[in-house]
Number of protein chains: 2
Amino acid sequence: MAEDEVRAALLIIGNEILSGRTQDANLAYIALGLNEVGVRLKEVRVVADEEAAIVAAVNALRAAYTYVFATGGIGPTHDDITSECIAKAFGVPLVRDPRAVERLARQMGLASLNEARLRMANVPEGAELIDNPISQAPGFRIGNVFVMAGIPRIMQAMFDGIRHSLKGGKKMLSQSIDLYTGEGNIAAGLTEIQNARPTIEIGSYPFSRKGVFGTVIVCRGTEASAVTEAVDAVRVLAHSIDARTEETGEGPR
Amino acid sequence: MAEDEVRAALLIIGNEILSGRTQDANLAYIALGLNEVGVRLKEVRVVADEEAAIVAAVNALRAAYTYVFATGGIGPTHDDITSECIAKAFGVPLVRDPRAVERLARQMGLASLNEARLRMANVPEGAELIDNPISQAPGFRIGNVFVMAGIPRIMQAMFDGIRHSLKGGKKMLSQSIDLYTGEGNIAAGLTEIQNARPTIEIGSYPFSRKGVFGTVIVCRGTEASAVTEAVDAVRVLAHSIDARTEETGEGPR
């Protein structure tokens, strides 16, 4: 890995993901958003709504990565145990945050603020709130861990509010090219191209479109000219075996 | 957790998932398929195409779970390093399996079997092959770890071929009911329902459909009558606060 790479992990908390009931929609959003500010998502874990599993994952990830993002389990019901688990992981008490209570009261009216809803104002001692412009119930940051809602629309609003505060490195740039040939036909040449370019990450992904088989090659790196040069080398390789190519664009992925 | 619960983990290997380029489509399929044979998916990890990350995750997961399923990274190109990483994790050499070579030769013809494609016949010593009825390049099982392709269509065919060989416990049954009220209004009552039913797992998930807000309650357990009884209790709770309910079916989730 590059010396100056800033690495992050995502912890997705929720039985509904593990049971197959709900398809996660947060990973890609966070991955792309992090890349925009020069942070690379390097690991994701999905764990159940179980204290031991959450605490262990939080402590493993926060020790190994510069930033950890957690989603899910901060609502008002019995299965929302993320906040107390994060407090346990950090060895601090869970406290009711008066600023969070105020936001909830403004959103729902004081009369609706029963004990269950007030749980959403509980955060680990020392945490900073993360704004929730959609429904007010805040997320929070403690140490290098950012805790956000699981509902994609709310997670996105929270994440967009904090991501520019992250200290990132260089943004990863990407260009891809489609080769109309099987992976096995270009694998040896591709290995040579990769080995000669240690700062470029070359991914090879087979595709089948309307019965036509091919391979997408994705070249990623932090220097635009080096990425372009790698794609050029892949194009030369493809043409050397008479494989048709198609430029498929550039972007953050 | 239940005494007789059989627990599994999924390891998704691939930069393309972590970069946000590709949306994982294997988690839900594996989760639902495992449940059909009485195995519960309890953890998922996504790691990069990096040896240290793969080896560490394989060794952590195979020690902690009855079964581990890994997807991705068994193709012919330089970024396909899963097989050698699994061999390293188990401390055995990587060997070329003659049965796998034969299958590849039958599929592609001997003339196409270059060194890159032959890499797909490499497996950790002692592994059993997992059939690939789509494109022949096999997956493999070693110890309690099942290694499959990342491409969903191929992964599904491989998984369907092995899942009935797993020794599962009781299948998890599920029923859900929609309540047209906010989570905060039923949270206290729901906690009581959950606390009185330790064998039932009750999940609460807010929804918004065409501007109408509500809460899906999912009751899961291994005894159908107990699951139904829990849903009945939730329905009584909803009606006690005049919330409309809608049965939303039963299934494996």
# chains A, B, ... in the order shown; residues from 1 in each chain; ligands from 1
call {"tool": "residues_around", "arguments": {"residues": "Leu173 (chain B)", "least_positions_apart": "5", "cutoff": "12 Å", "atoms": "only C-alpha atoms", "output": "list of chain:residue names"}}
result
A:Ser19, B:Leu32, B:Asn35, B:Glu36, B:Val37, B:Gly38, B:Arg40, B:Thr199, B:Ile200, B:Glu201, B:Ile202, B:Val218, B:Cys219, B:Arg220, B:Gly221, B:Thr222, B:Glu223, B:Ala224, B:Ser225, B:Ala226, B:Val227, B:Thr228, B:Gly249, B:Glu250, B:Gly251, B:Pro252, B:Arg253
call {"tool": "write_last_selection", "arguments": {"atoms": "C-alpha atoms", "output": "CSV table (one decimal), in the first residue's frame"}}
result
chain,number,residue,atom,x,y,z
A,19,SER,CA,-30.8,-12.7,7.0
B,32,LEU,CA,-31.4,-17.4,2.3
B,35,ASN,CA,-31.3,-20.7,6.2
B,36,GLU,CA,-33.1,-23.3,4.0
B,37,VAL,CA,-30.7,-25.9,5.4
B,38,GLY,CA,-30.7,-24.7,8.9
B,40,ARG,CA,-27.4,-19.0,10.0
B,199,THR,CA,-36.6,-17.8,21.7
B,200,ILE,CA,-38.0,-15.2,19.2
B,201,GLU,CA,-35.9,-12.6,17.5
B,202,ILE,CA,-38.0,-9.4,16.9
B,218,VAL,CA,-40.2,-9.1,11.7
B,219,CYS,CA,-40.6,-12.1,14.1
B,220,ARG,CA,-38.2,-15.0,13.6
B,221,GLY,CA,-37.8,-18.3,15.4
B,222,THR,CA,-37.5,-22.0,14.7
B,223,GLU,CA,-41.0,-22.9,16.0
B,224,ALA,CA,-43.9,-21.8,13.7
B,225,SER,CA,-46.4,-21.6,16.5
B,226,ALA,CA,-44.2,-19.4,18.6
B,227,VAL,CA,-43.5,-17.1,15.7
B,228,THR,CA,-47.2,-16.7,15.0
B,249,GLY,CA,-46.4,-12.6,4.8
B,250,GLU,CA,-44.1,-15.3,6.0
B,251,GLY,CA,-40.9,-16.6,4.6
B,252,PRO,CA,-37.4,-17.5,5.3
B,253,ARG,CA,-36.3,-14.0,6.3
call {"tool": "residues_around", "arguments": {"residues": "Leu104 (chain A)", "least_positions_apart": "4", "cutoff": "12 Å", "atoms": "only C-alpha atoms", "output": "ChimeraX atom specification"}}
result
/A:76,97-100,108-122,131-138 /B:184
call {"tool": "write_last_selection", "arguments": {"atoms": "C-alpha atoms", "output": "PDB file, in the first residue's frame"}}
result
ATOM      1  CA  PRO A  76     -35.675   3.784  19.385  1.00  0.00           C
ATOM      2  CA  ASP A  97     -26.975  14.427  25.303  1.00  0.00           C
ATOM      3  CA  PRO A  98     -29.034  17.569  26.000  1.00  0.00           C
ATOM      4  CA  ARG A  99     -28.392  18.948  22.495  1.00  0.00           C
ATOM      5  CA  ALA A 100     -29.763  15.736  21.017  1.00  0.00           C
ATOM      6  CA  MET A 108     -41.386  15.612  17.323  1.00  0.00           C
ATOM      7  CA  GLY A 109     -42.770  17.984  19.916  1.00  0.00           C
ATOM      8  CA  LEU A 110     -42.130  17.500  23.627  1.00  0.00           C
ATOM      9  CA  ALA A 111     -45.350  15.508  24.081  1.00  0.00           C
ATOM     10  CA  SER A 112     -44.125  12.754  21.731  1.00  0.00           C
ATOM     11  CA  LEU A 113     -40.766  12.431  23.465  1.00  0.00           C
ATOM     12  CA  ASN A 114     -41.319   9.209  25.347  1.00  0.00           C
ATOM     13  CA  GLU A 115     -38.533   7.178  26.917  1.00  0.00           C
ATOM     14  CA  ALA A 116     -38.061   5.068  23.772  1.00  0.00           C
ATOM     15  CA  ARG A 117     -37.517   8.115  21.568  1.00  0.00           C
ATOM     16  CA  LEU A 118     -35.236   9.671  24.189  1.00  0.00           C
ATOM     17  CA  ARG A 119     -32.949   6.651  23.815  1.00  0.00           C
ATOM     18  CA  MET A 120     -32.005   8.199  20.457  1.00  0.00           C
ATOM     19  CA  ALA A 121     -30.385  11.038  22.433  1.00  0.00           C
ATOM     20  CA  ASN A 122     -28.052   8.628  24.250  1.00  0.00           C
ATOM     21  CA  ASP A 131     -26.291  16.178  12.212  1.00  0.00           C
ATOM     22  CA  ASN A 132     -29.364  14.449  10.812  1.00  0.00           C
ATOM     23  CA  PRO A 133     -31.100  17.006   8.587  1.00  0.00           C
ATOM     24  CA  ILE A 134     -33.806  14.478   7.657  1.00  0.00           C
ATOM     25  CA  SER A 135     -35.288  13.376  10.976  1.00  0.00           C
ATOM     26  CA  GLN A 136     -33.059  15.095  13.579  1.00  0.00           C
ATOM     27  CA  ALA A 137     -32.144  11.969  15.632  1.00  0.00           C
ATOM     28  CA  PRO A 138     -28.388  12.420  15.461  1.00  0.00           C
TER      29      PRO A 138
ATOM     30  CA  GLY B 184     -41.244   5.286  18.909  1.00  0.00           C
TER      31      GLY B 184
END
call {"tool": "interface_residues", "arguments": {"of": "chain A", "to": "chain B", "cutoff": "9 Å", "atoms": "only C-alpha atoms", "output": "PDB file with N, CA and C atoms, in the first residue's frame"}}
result
ATOM      1  N   ASN A  15     -29.345  -7.466  11.810  1.00  0.00           N
ATOM      2  CA  ASN A  15     -29.829  -8.803  11.447  1.00  0.00           C
ATOM      3  C   ASN A  15     -30.480  -8.820  10.075  1.00  0.00           C
ATOM      4  N   GLU A  16     -31.113  -7.712   9.687  1.00  0.00           N
ATOM      5  CA  GLU A  16     -31.867  -7.693   8.436  1.00  0.00           C
ATOM      6  C   GLU A  16     -30.963  -7.794   7.219  1.00  0.00           C
ATOM      7  N   ILE A  17     -29.695  -7.394   7.362  1.00  0.00           N
ATOM      8  CA  ILE A  17     -28.748  -7.564   6.260  1.00  0.00           C
ATOM      9  C   ILE A  17     -28.284  -9.018   6.216  1.00  0.00           C
ATOM     10  N   LEU A  18     -27.964  -9.575   7.385  1.00  0.00           N
ATOM     11  CA  LEU A  18     -27.437 -10.945   7.455  1.00  0.00           C
ATOM     12  C   LEU A  18     -28.480 -11.992   7.092  1.00  0.00           C
ATOM     13  N   SER A  19     -29.753 -11.672   7.297  1.00  0.00           N
ATOM     14  CA  SER A  19     -30.796 -12.656   6.965  1.00  0.00           C
ATOM     15  C   SER A  19     -31.115 -12.647   5.482  1.00  0.00           C
ATOM     16  N   GLY A  20     -30.635 -11.651   4.763  1.00  0.00           N
ATOM     17  CA  GLY A  20     -30.959 -11.537   3.347  1.00  0.00           C
ATOM     18  C   GLY A  20     -32.236 -10.744   3.095  1.00  0.00           C
ATOM     19  N   ARG A  21     -32.848 -10.257   4.165  1.00  0.00           N
ATOM     20  CA  ARG A  21     -34.095  -9.514   4.004  1.00  0.00           C
ATOM     21  C   ARG A  21     -33.861  -8.171   3.320  1.00  0.00           C
ATOM     22  N   THR A  22     -32.798  -7.491   3.721  1.00  0.00           N
ATOM     23  CA  THR A  22     -32.504  -6.150   3.224  1.00  0.00           C
ATOM     24  C   THR A  22     -31.163  -6.153   2.496  1.00  0.00           C
ATOM     25  N   GLN A  23     -31.150  -5.568   1.314  1.00  0.00           N
ATOM     26  CA  GLN A  23     -29.898  -5.431   0.557  1.00  0.00           C
ATOM     27  C   GLN A  23     -29.203  -4.160   1.019  1.00  0.00           C
ATOM     28  N   ASP A  24     -27.967  -4.276   1.447  1.00  0.00           N
ATOM     29  CA  ASP A  24     -27.234  -3.078   1.854  1.00  0.00           C
ATOM     30  C   ASP A  24     -27.111  -2.106   0.695  1.00  0.00           C
ATOM     31  N   ALA A  25     -27.325  -0.829   0.991  1.00  0.00           N
ATOM     32  CA  ALA A  25     -27.192   0.181  -0.047  1.00  0.00           C
ATOM     33  C   ALA A  25     -26.224   1.270   0.393  1.00  0.00           C
ATOM     34  N   LEU A  27     -22.753   0.677   1.425  1.00  0.00           N
ATOM     35  CA  LEU A  27     -21.337   0.416   1.136  1.00  0.00           C
ATOM     36  C   LEU A  27     -20.834   1.259  -0.037  1.00  0.00           C
ATOM     37  N   ALA A  28     -21.497   1.159  -1.170  1.00  0.00           N
ATOM     38  CA  ALA A  28     -21.014   1.841  -2.370  1.00  0.00           C
ATOM     39  C   ALA A  28     -21.029   3.357  -2.189  1.00  0.00           C
ATOM     40  N   TYR A  29     -22.074   3.869  -1.534  1.00  0.00           N
ATOM     41  CA  TYR A  29     -22.160   5.315  -1.327  1.00  0.00           C
ATOM     42  C   TYR A  29     -20.986   5.817  -0.499  1.00  0.00           C
ATOM     43  N   ILE A  30     -20.698   5.069   0.579  1.00  0.00           N
ATOM     44  CA  ILE A  30     -19.597   5.460   1.463  1.00  0.00           C
ATOM     45  C   ILE A  30     -18.252   5.291   0.757  1.00  0.00           C
ATOM     46  N   ALA A  31     -18.087   4.209   0.017  1.00  0.00           N
ATOM     47  CA  ALA A  31     -16.832   3.965  -0.704  1.00  0.00           C
ATOM     48  C   ALA A  31     -16.536   5.111  -1.667  1.00  0.00           C
ATOM     49  N   LEU A  32     -17.533   5.490  -2.458  1.00  0.00           N
ATOM     50  CA  LEU A  32     -17.329   6.539  -3.453  1.00  0.00           C
ATOM     51  C   LEU A  32     -17.128   7.889  -2.787  1.00  0.00           C
ATOM     52  N   ASN A  35     -13.662   8.110  -1.287  1.00  0.00           N
ATOM     53  CA  ASN A  35     -12.625   8.295  -2.296  1.00  0.00           C
ATOM     54  C   ASN A  35     -12.524   9.760  -2.733  1.00  0.00           C
ATOM     55  N   ARG A  40      -9.543   5.627   1.544  1.00  0.00           N
ATOM     56  CA  ARG A  40      -9.870   4.370   0.855  1.00  0.00           C
ATOM     57  C   ARG A  40     -10.551   3.392   1.789  1.00  0.00           C
ATOM     58  N   LEU A  41     -11.702   2.904   1.362  1.00  0.00           N
ATOM     59  CA  LEU A  41     -12.402   1.864   2.121  1.00  0.00           C
ATOM     60  C   LEU A  41     -11.678   0.542   1.887  1.00  0.00           C
ATOM     61  N   LYS A  42     -11.153  -0.069   2.970  1.00  0.00           N
ATOM     62  CA  LYS A  42     -10.341  -1.274   2.823  1.00  0.00           C
ATOM     63  C   LYS A  42     -10.980  -2.523   3.428  1.00  0.00           C
ATOM     64  N   GLU A  43     -11.995  -2.366   4.233  1.00  0.00           N
ATOM     65  CA  GLU A  43     -12.633  -3.543   4.822  1.00  0.00           C
ATOM     66  C   GLU A  43     -14.052  -3.189   5.231  1.00  0.00           C
ATOM     67  N   VAL A  44     -14.938  -4.170   5.063  1.00  0.00           N
ATOM     68  CA  VAL A  44     -16.313  -4.020   5.532  1.00  0.00           C
ATOM     69  C   VAL A  44     -16.643  -5.239   6.381  1.00  0.00           C
ATOM     70  N   ARG A  45     -17.322  -5.021   7.482  1.00  0.00           N
ATOM     71  CA  ARG A  45     -17.869  -6.161   8.225  1.00  0.00           C
ATOM     72  C   ARG A  45     -19.357  -5.948   8.431  1.00  0.00           C
ATOM     73  N   VAL A  46     -20.101  -7.028   8.358  1.00  0.00           N
ATOM     74  CA  VAL A  46     -21.517  -7.002   8.690  1.00  0.00           C
ATOM     75  C   VAL A  46     -21.697  -7.895   9.903  1.00  0.00           C
ATOM     76  N   VAL A  47     -22.259  -7.361  10.984  1.00  0.00           N
ATOM     77  CA  VAL A  47     -22.481  -8.169  12.181  1.00  0.00           C
ATOM     78  C   VAL A  47     -23.940  -8.060  12.623  1.00  0.00           C
ATOM     79  N   ALA A  48     -24.350  -9.008  13.459  1.00  0.00           N
ATOM     80  CA  ALA A  48     -25.729  -9.052  13.954  1.00  0.00           C
ATOM     81  C   ALA A  48     -25.937  -8.017  15.055  1.00  0.00           C
ATOM     82  N   ALA A  53     -20.673  -9.238  19.412  1.00  0.00           N
ATOM     83  CA  ALA A  53     -20.211  -9.139  18.025  1.00  0.00           C
ATOM     84  C   ALA A  53     -19.890  -7.688  17.661  1.00  0.00           C
ATOM     85  N   GLY A  75     -31.869   3.498  16.291  1.00  0.00           N
ATOM     86  CA  GLY A  75     -33.269   3.899  16.437  1.00  0.00           C
ATOM     87  C   GLY A  75     -33.774   3.723  17.862  1.00  0.00           C
ATOM     88  N   PRO A  76     -35.110   3.789  18.034  1.00  0.00           N
ATOM     89  CA  PRO A  76     -35.675   3.784  19.385  1.00  0.00           C
ATOM     90  C   PRO A  76     -36.091   2.413  19.921  1.00  0.00           C
ATOM     91  N   THR A  77     -35.970   1.352  19.129  1.00  0.00           N
ATOM     92  CA  THR A  77     -36.524   0.068  19.585  1.00  0.00           C
ATOM     93  C   THR A  77     -35.479  -0.824  20.254  1.00  0.00           C
ATOM     94  N   HIS A  78     -35.951  -1.917  20.838  1.00  0.00           N
ATOM     95  CA  HIS A  78     -35.114  -2.809  21.656  1.00  0.00           C
ATOM     96  C   HIS A  78     -33.935  -3.380  20.870  1.00  0.00           C
ATOM     97  N   ASP A  79     -34.095  -3.512  19.541  1.00  0.00           N
ATOM     98  CA  ASP A  79     -33.015  -4.106  18.741  1.00  0.00           C
ATOM     99  C   ASP A  79     -31.991  -3.063  18.287  1.00  0.00           C
ATOM    100  N   ASP A  80     -32.163  -1.833  18.721  1.00  0.00           N
ATOM    101  CA  ASP A  80     -31.192  -0.768  18.406  1.00  0.00           C
ATOM    102  C   ASP A  80     -30.219  -0.638  19.564  1.00  0.00           C
ATOM    103  N   SER A 112     -44.420  14.053  22.350  1.00  0.00           N
ATOM    104  CA  SER A 112     -44.125  12.754  21.731  1.00  0.00           C
ATOM    105  C   SER A 112     -42.844  12.127  22.262  1.00  0.00           C
ATOM    106  N   LEU A 113     -42.090  12.902  23.040  1.00  0.00           N
ATOM    107  CA  LEU A 113     -40.766  12.431  23.465  1.00  0.00           C
ATOM    108  C   LEU A 113     -40.857  11.445  24.631  1.00  0.00           C
ATOM    109  N   ASN A 114     -41.271  10.236  24.305  1.00  0.00           N
ATOM    110  CA  ASN A 114     -41.319   9.209  25.347  1.00  0.00           C
ATOM    111  C   ASN A 114     -39.920   8.625  25.583  1.00  0.00           C
ATOM    112  N   GLU A 115     -39.834   7.722  26.539  1.00  0.00           N
ATOM    113  CA  GLU A 115     -38.533   7.178  26.917  1.00  0.00           C
ATOM    114  C   GLU A 115     -37.849   6.467  25.737  1.00  0.00           C
ATOM    115  N   ALA A 116     -38.658   5.774  24.918  1.00  0.00           N
ATOM    116  CA  ALA A 116     -38.061   5.068  23.772  1.00  0.00           C
ATOM    117  C   ALA A 116     -37.393   6.060  22.821  1.00  0.00           C
ATOM    118  N   ARG A 117     -38.104   7.137  22.502  1.00  0.00           N
ATOM    119  CA  ARG A 117     -37.517   8.115  21.568  1.00  0.00           C
ATOM    120  C   ARG A 117     -36.309   8.819  22.196  1.00  0.00           C
ATOM    121  N   ILE A 151     -30.723   3.649   7.574  1.00  0.00           N
ATOM    122  CA  ILE A 151     -31.609   4.024   6.462  1.00  0.00           C
ATOM    123  C   ILE A 151     -30.824   4.869   5.463  1.00  0.00           C
ATOM    124  N   GLU A 183     -10.612 -13.445 -20.251  1.00  0.00           N
ATOM    125  CA  GLU A 183      -9.530 -13.108 -19.321  1.00  0.00           C
ATOM    126  C   GLU A 183      -8.284 -13.952 -19.548  1.00  0.00           C
ATOM    127  N   GLY A 184      -8.499 -15.233 -19.847  1.00  0.00           N
ATOM    128  CA  GLY A 184      -7.367 -16.148 -19.989  1.00  0.00           C
ATOM    129  C   GLY A 184      -6.444 -15.769 -21.136  1.00  0.00           C
ATOM    130  N   ASN A 185      -6.974 -15.068 -22.152  1.00  0.00           N
ATOM    131  CA  ASN A 185      -6.157 -14.698 -23.309  1.00  0.00           C
ATOM    132  C   ASN A 185      -5.229 -13.518 -23.031  1.00  0.00           C
ATOM    133  N   ILE A 186      -5.560 -12.727 -22.029  1.00  0.00           N
ATOM    134  CA  ILE A 186      -4.748 -11.535 -21.763  1.00  0.00           C
ATOM    135  C   ILE A 186      -4.071 -11.588 -20.400  1.00  0.00           C
ATOM    136  N   ALA A 187      -4.278 -12.671 -19.669  1.00  0.00           N
ATOM    137  CA  ALA A 187      -3.804 -12.730 -18.277  1.00  0.00           C
ATOM    138  C   ALA A 187      -2.290 -12.573 -18.181  1.00  0.00           C
ATOM    139  N   ALA A 188      -1.547 -13.273 -19.049  1.00  0.00           N
ATOM    140  CA  ALA A 188      -0.083 -13.214 -18.952  1.00  0.00           C
ATOM    141  C   ALA A 188       0.413 -11.795 -19.252  1.00  0.00           C
ATOM    142  N   LEU A 190      -1.250  -9.077 -19.008  1.00  0.00           N
ATOM    143  CA  LEU A 190      -1.745  -8.184 -17.963  1.00  0.00           C
ATOM    144  C   LEU A 190      -0.851  -8.252 -16.724  1.00  0.00           C
ATOM    145  N   THR A 191      -0.381  -9.443 -16.428  1.00  0.00           N
ATOM    146  CA  THR A 191       0.532  -9.606 -15.286  1.00  0.00           C
ATOM    147  C   THR A 191       1.800  -8.783 -15.507  1.00  0.00           C
ATOM    148  N   GLN A 194       0.975  -5.143 -15.005  1.00  0.00           N
ATOM    149  CA  GLN A 194       0.837  -4.855 -13.572  1.00  0.00           C
ATOM    150  C   GLN A 194       2.203  -4.829 -12.883  1.00  0.00           C
ATOM    151  N   ILE A 202      -4.467  -2.817 -11.012  1.00  0.00           N
ATOM    152  CA  ILE A 202      -5.197  -3.241 -12.205  1.00  0.00           C
ATOM    153  C   ILE A 202      -6.152  -4.374 -11.846  1.00  0.00           C
ATOM    154  N   GLY A 203      -7.422  -4.156 -12.106  1.00  0.00           N
ATOM    155  CA  GLY A 203      -8.436  -5.174 -11.833  1.00  0.00           C
ATOM    156  C   GLY A 203      -8.983  -5.720 -13.134  1.00  0.00           C
ATOM    157  N   SER A 204      -9.280  -7.011 -13.153  1.00  0.00           N
ATOM    158  CA  SER A 204      -9.787  -7.663 -14.364  1.00  0.00           C
ATOM    159  C   SER A 204     -11.101  -8.352 -14.033  1.00  0.00           C
ATOM    160  N   TYR A 205     -12.171  -7.989 -14.751  1.00  0.00           N
ATOM    161  CA  TYR A 205     -13.501  -8.490 -14.428  1.00  0.00           C
ATOM    162  C   TYR A 205     -14.206  -8.986 -15.678  1.00  0.00           C
ATOM    163  N   PRO A 206     -14.483 -10.274 -15.747  1.00  0.00           N
ATOM    164  CA  PRO A 206     -15.150 -10.818 -16.927  1.00  0.00           C
ATOM    165  C   PRO A 206     -16.585 -10.305 -17.022  1.00  0.00           C
ATOM    166  N   PRO A 252     -14.385   7.756 -10.333  1.00  0.00           N
ATOM    167  CA  PRO A 252     -13.748   7.526  -9.052  1.00  0.00           C
ATOM    168  C   PRO A 252     -13.617   6.052  -8.710  1.00  0.00           C
ATOM    169  N   ARG A 253     -14.079   5.167  -9.595  1.00  0.00           N
ATOM    170  CA  ARG A 253     -14.046   3.775  -9.173  1.00  0.00           C
ATOM    171  C   ARG A 253     -12.982   2.973  -9.884  1.00  0.00           C
TER     172      ARG A 253
END
call {"tool": "closest_residue", "arguments": {"among": "B:Gln156, B:Met148, B:Phe213, B:Ile193", "to": "Glu229 (chain B)", "atoms": "only C-alpha atoms"}}
result
B:Ile193
call {"tool": "atom_distance", "arguments": {"atom1": "CA of Tyr180 (chain B)", "atom2": "CA of Val234 (chain B)"}}
result
12.3 Å
call {"tool": "atom_distance", "arguments": {"atom1": "CA of Ser176 (chain A)", "atom2": "CA of Pro198 (chain A)"}}
result
17.6 Å
call {"tool": "atom_distance", "arguments": {"atom1": "CA of Ala238 (chain B)", "atom2": "CA of Gln107 (chain A)"}}
result
23.2 Å
call {"tool": "select_by_dssp", "arguments": {"residues": "region 132-173 of chain A", "states": "alpha helix (DSSP H)", "output": "MDAnalysis selection string"}}
result
chainID A and resid 152:162
call {"tool": "closest_residue", "arguments": {"among": "A:Ile81, A:Ile177, A:Ala64, A:Val95", "to": "Arg7 (chain A)", "atoms": "only C-alpha atoms"}}
result
A:Ala64
